[in-house]
Amino acid sequence: MKRTTRRGFFFTVVLGAVCAGNLRAEFPTASIDKYLESCAARGEFSGVVLVARRGEVQYHRALGTASIDGSEPLRKDSVFRLASVAKAFTAVSILMLRQEGKLSLDDDVRKYVPALPYEGATIRHLLHHTSGLPDYVKLLDKHWDKGEGDLSRRRFATNPDALAQFIEHKPPVRFAPGERWDYSNTGYMLLALVVEKISGERFSDFLTRRIFAPLGMKETVLFTPITPPVVERRAWGYRLAPDGGERLANDRNYLNAMYGDGEVYSTAGDLLKWDQALYQAKLIPAAAVDEMFTPGRLSSGKDTGYGYGWGIGNRGGKKVVNHGGGWVGFRTWIDRELESRQLLVVLTNNSSRSMGIVRDGILALLAGKEPRLPKSPVSRLLGERLRREGVAGLKDEYRRLKSSRARELDFSEARLRQLGSYLLGKKKTGEAVVVLELNVEAYPKSVRAREELGDALLAAGRREEAVEVIKAALNLAPGSD
């Protein structure tokens with residue numbers, strides 16, 4: 001996940017992959033079961049899936065582990081970090097305040113956050129991701145608690161902390177408000193401050209009092225690690241080691257106390273209540289819901305494909321609104337087909353790079369189509385070989401797998417590089433060198449592959465070979481990686 005995207009926006013509306021005709025007499029329960037089990041067996045799914053139609057649950061299953069050590073299985077009512085799926089709650093909060101006459105979407109943000117050192121951005125710009133404001137993640141990565149080198153160990157930063165950094169450092173805007181669409185966690189972080197300013201209460205209390213409690217979303221909460229609420233049945237974020245041999249914690253980050261752009265925890269069942277509340281206009285008028293699902297426009301008149309906290313598109317000629325999220329170990333997705341009132345919720349906690357494939361696979365099955373399975377990382381098969389037999393024959397095994405199983409395995413450069421780095425961190429320098437040599441063999445034009453092999457050779461005490469590898473990296477044409 002790229003650091004610059006913070007909550008890992010997966011807004012890509014699924015177009016064309018799934019056509020009309022997804023309301024079939026017989027629901028494909030067995031097919032979805034088999035598909036998810038296959039994804040889980042490849043290490044690419046640990047989570048909860050819910051499908052509902054017109055408010056009635058058609059499918060609801062948990063598969064995988066809620067704990068990092070694997071001792072606690074996930075349950076249907078396990079509580080997940082939603083990441084950017086939470087942006088819709090922020091948007092509705094703003095629309096509720098507008099309905100009460102307490103703000104206008106065309107108000108300058110500085111009316112409510114006067115210390116913000118940027119002119120011209122309105123609340124509507126923030127909602128639509130067209131403000132052009134700098135990325136707070138990059139800013140904090142550069143300046144916040146930088147004496148603690150490891151980002152995961154820095155003390156927690158909050159929204160007021162981010163605002164203070166903007167005031168102090170004043171990084172340049174990305175573009176003039178309304179000129180472009182550029183996904184912005186900064187915008188939704190500031191919107192939460194607007195809600196606090198107008199309501200006079202903490203954003204967490206506003207969400208609970210005005211949204212979660214009225215809708216009966218008893219398992220939903222804005223989580224802060226500074227004063228953490230009790231969350232029963234919490235799913236913890238983790239990732240599989242590159243060799244598949246252990247689970248590694250992937251849940252803590254110094255930005256986990258930021259809010260407005262994420263940090264809501266919830267269940268699939270509570271998101272169904274949220275889904276129904278939007279259809280029933282329980283929180284804001286139906287006209288405001290429609291407005292939320294209307295794409296914004298740039299100054300040029302171009303459609304952005306994004307409303308207020310929702311991506312907007314169509315599938316088989318039917319309007320679809322959806323949003324995804326990704327932060328530390330969590331990948332999440334909510335998908336609402338408005339005409340058929342079909343809801344798909346996918347919540348995962350294992351850092352899977354295949355969330356999009358799994359999501360699309362379920363949508364394909366719902367439309368009576370054949371799904372695509374995620375590829376298993378070749379690094380895990382090589383890791384099994386290393387644990388079982390050591391480095392002997394590892395290169396031959398890699399070549400055999402590449403010639404016989406290329407379609408079902410992920411042979412990307414990143415997979416081998418991650419395995420090599422992991423082994424190097426475990427002081428298994430000999431194994432790391434062999435793996436990174438394979439990476440150079442597979443990607444001979446990659447500067448990075450050669451640099452990392454050079455580092456491994458140095459760690460193994462093979463200085464002369466390392467120098468030759470680094471020289472070869474320097475001789476590669478710029479941009480060839």
# chains A, B, ... in the order shown; residues from 1 in each chain; ligands from 1

call {"tool": "residues_around", "arguments": {"residues": "Met355 in chain A", "least_positions_apart": "3", "cutoff": "8 Å", "atoms": "only C-alpha atoms", "output": "PyMOL selection string"}}
result
chain A and resi 44-45+331-332+352+358-359

call {"tool": "write_last_selection", "arguments": {"atoms": "all heavy atoms", "output": "tab-separated table (two decimals), in the first residue's frame"}}
result
chain	number	residue	atom	x	y	z
A	44	GLU	N	-5.00	-15.52	0.48
A	44	GLU	CA	-5.43	-14.23	-0.04
A	44	GLU	C	-6.79	-13.78	0.48
A	44	GLU	O	-7.36	-12.82	-0.04
A	44	GLU	CB	-5.44	-14.28	-1.58
A	44	GLU	CG	-4.07	-14.45	-2.19
A	44	GLU	CD	-3.11	-13.33	-1.80
A	44	GLU	OE1	-3.44	-12.16	-2.00
A	44	GLU	OE2	-2.02	-13.64	-1.28
A	45	PHE	N	-7.33	-14.48	1.48
A	45	PHE	CA	-8.57	-14.00	2.08
A	45	PHE	C	-8.67	-14.44	3.53
A	45	PHE	O	-8.49	-15.61	3.87
A	45	PHE	CB	-9.81	-14.50	1.33
A	45	PHE	CG	-11.09	-13.99	1.91
A	45	PHE	CD1	-11.50	-12.69	1.64
A	45	PHE	CD2	-11.87	-14.77	2.75
A	45	PHE	CE1	-12.67	-12.18	2.20
A	45	PHE	CE2	-13.03	-14.26	3.32
A	45	PHE	CZ	-13.44	-12.97	3.04
A	331	ARG	N	-8.37	-4.38	4.44
A	331	ARG	CA	-8.87	-4.02	3.12
A	331	ARG	C	-10.38	-4.19	3.17
A	331	ARG	O	-10.87	-5.26	3.54
A	331	ARG	CB	-8.26	-4.90	2.02
A	331	ARG	CG	-6.74	-4.95	2.02
A	331	ARG	CD	-6.12	-3.64	1.58
A	331	ARG	NE	-4.66	-3.72	1.56
A	331	ARG	CZ	-3.88	-3.40	2.58
A	331	ARG	NH1	-4.42	-3.00	3.73
A	331	ARG	NH2	-2.57	-3.47	2.50
A	332	THR	N	-11.13	-3.16	2.79
A	332	THR	CA	-12.58	-3.18	2.95
A	332	THR	C	-13.28	-2.70	1.70
A	332	THR	O	-12.71	-1.97	0.89
A	332	THR	CB	-12.99	-2.30	4.14
A	332	THR	OG1	-12.55	-0.95	3.91
A	332	THR	CG2	-12.38	-2.80	5.45
A	352	SER	N	-4.24	-8.49	2.39
A	352	SER	CA	-4.24	-9.13	1.09
A	352	SER	C	-4.10	-8.12	-0.05
A	352	SER	O	-4.76	-7.08	-0.07
A	352	SER	CB	-5.53	-9.92	0.87
A	352	SER	OG	-5.61	-10.42	-0.45
A	358	VAL	N	-10.84	-10.63	-5.29
A	358	VAL	CA	-11.85	-11.33	-4.50
A	358	VAL	C	-13.20	-10.65	-4.65
A	358	VAL	O	-14.23	-11.29	-4.87
A	358	VAL	CB	-11.42	-11.39	-3.02
A	358	VAL	CG1	-12.54	-12.00	-2.17
A	358	VAL	CG2	-10.14	-12.21	-2.86
A	359	ARG	N	-13.21	-9.33	-4.52
A	359	ARG	CA	-14.44	-8.56	-4.68
A	359	ARG	C	-15.07	-8.81	-6.05
A	359	ARG	O	-16.27	-9.09	-6.17
A	359	ARG	CB	-14.11	-7.08	-4.51
A	359	ARG	CG	-15.21	-6.11	-4.86
A	359	ARG	CD	-14.60	-4.74	-5.16
A	359	ARG	NE	-13.83	-4.75	-6.39
A	359	ARG	CZ	-12.89	-3.87	-6.70
A	359	ARG	NH1	-12.56	-2.92	-5.85
A	359	ARG	NH2	-12.26	-3.94	-7.87

call {"tool": "residues_around", "arguments": {"residues": "range 445-461 of chain A", "least_positions_apart": "5", "cutoff": "9 Å", "atoms": "only C-alpha atoms", "output": "ChimeraX atom specification"}}
result
/A:413,417,420-421,424,427-430,432-437,439-440,466-470,472-474,476-481
